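Here is the structure we will look at.
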Amino acid sequence: MLYEKLLERLLQVNDKLLNVLKWTATALLVPAGYMTQAGYAQGPTLLYIAGLIWLAAAIMMRDKALIATNVVMAIAGTVGILQKYYVA
């Protein structure tokens with residue numbers, strides 16, 4: 001009985017955290033897309049951060065398509081950052 005109540009409470013907290021992660025990442029993507037297209041230097045960094053937040057949410061949801069998309073985007077973002085600051 002106590003275990004079931006604790007598990008139910010943990011699932012509620014997890015659901016709230018997941019919701020916060022998804023909406024935070026989504027809210028960051030819109031200005032990040034604009035900033036990137038408008039040539040602001042912070043745009044790609046903001047896209048990278050939003051993608052990492054979405055990756056965390058995708059892992060929590062166990063959504064394979066979102067995980068794959070955001071892993072590839074994280075790798076691309078990491079390579080881009082390395083090229084910009086360390087190679088070029």
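Naming works like this for the structure tokens: A, B, ... for the chains as they're shown, residue 1 at the start of each chain, ligands 1 onward in shown order.
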(request) Within 7 Å of stretch 49-61 of chain A, counting only C-alpha atoms, which residues show up once you throw out same-chain ones fewer than 5 positions away? Write them as a PyMOL selection string, please. (result) chain A and resi 18+21-22+25+28-29+66-67+70-71+73-74
(message) Residues near stretch 83-86 of chain A, anyone? I mean within 12 Å using only C-alpha atoms, not counting same-chain ones fewer than 3 positions away, as number ranges by chain.
(response) A: 41, 44-45, 76-80
Take the residues that were just selected and, keeping C-alpha atoms, output them as a CSV table (one decimal), in the first residue's frame.
chain,number,residue,atom,x,y,z
A,41,ALA,CA,25.8,34.2,-32.9
A,44,PRO,CA,23.1,27.8,-32.8
A,45,THR,CA,24.0,27.5,-29.2
A,76,ALA,CA,26.0,17.5,-35.3
A,77,GLY,CA,25.9,20.4,-32.8
A,78,THR,CA,28.9,19.1,-30.9
A,79,VAL,CA,30.9,18.7,-34.2
A,80,GLY,CA,29.9,22.2,-35.2
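Atom to atom, atom CA of A:Gln42 and atom CA of A:Val30 stand 13.1 Å apart.
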(request) Take atom CA of A:Thr24 and atom CA of A:Tyr48 and report the distance between them in Å, one decimal. (result) 13.1 Å
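Taking atom CA of A:Leu47 as the reference point, atom CA of A:Val13 is found at 26.6 Å.
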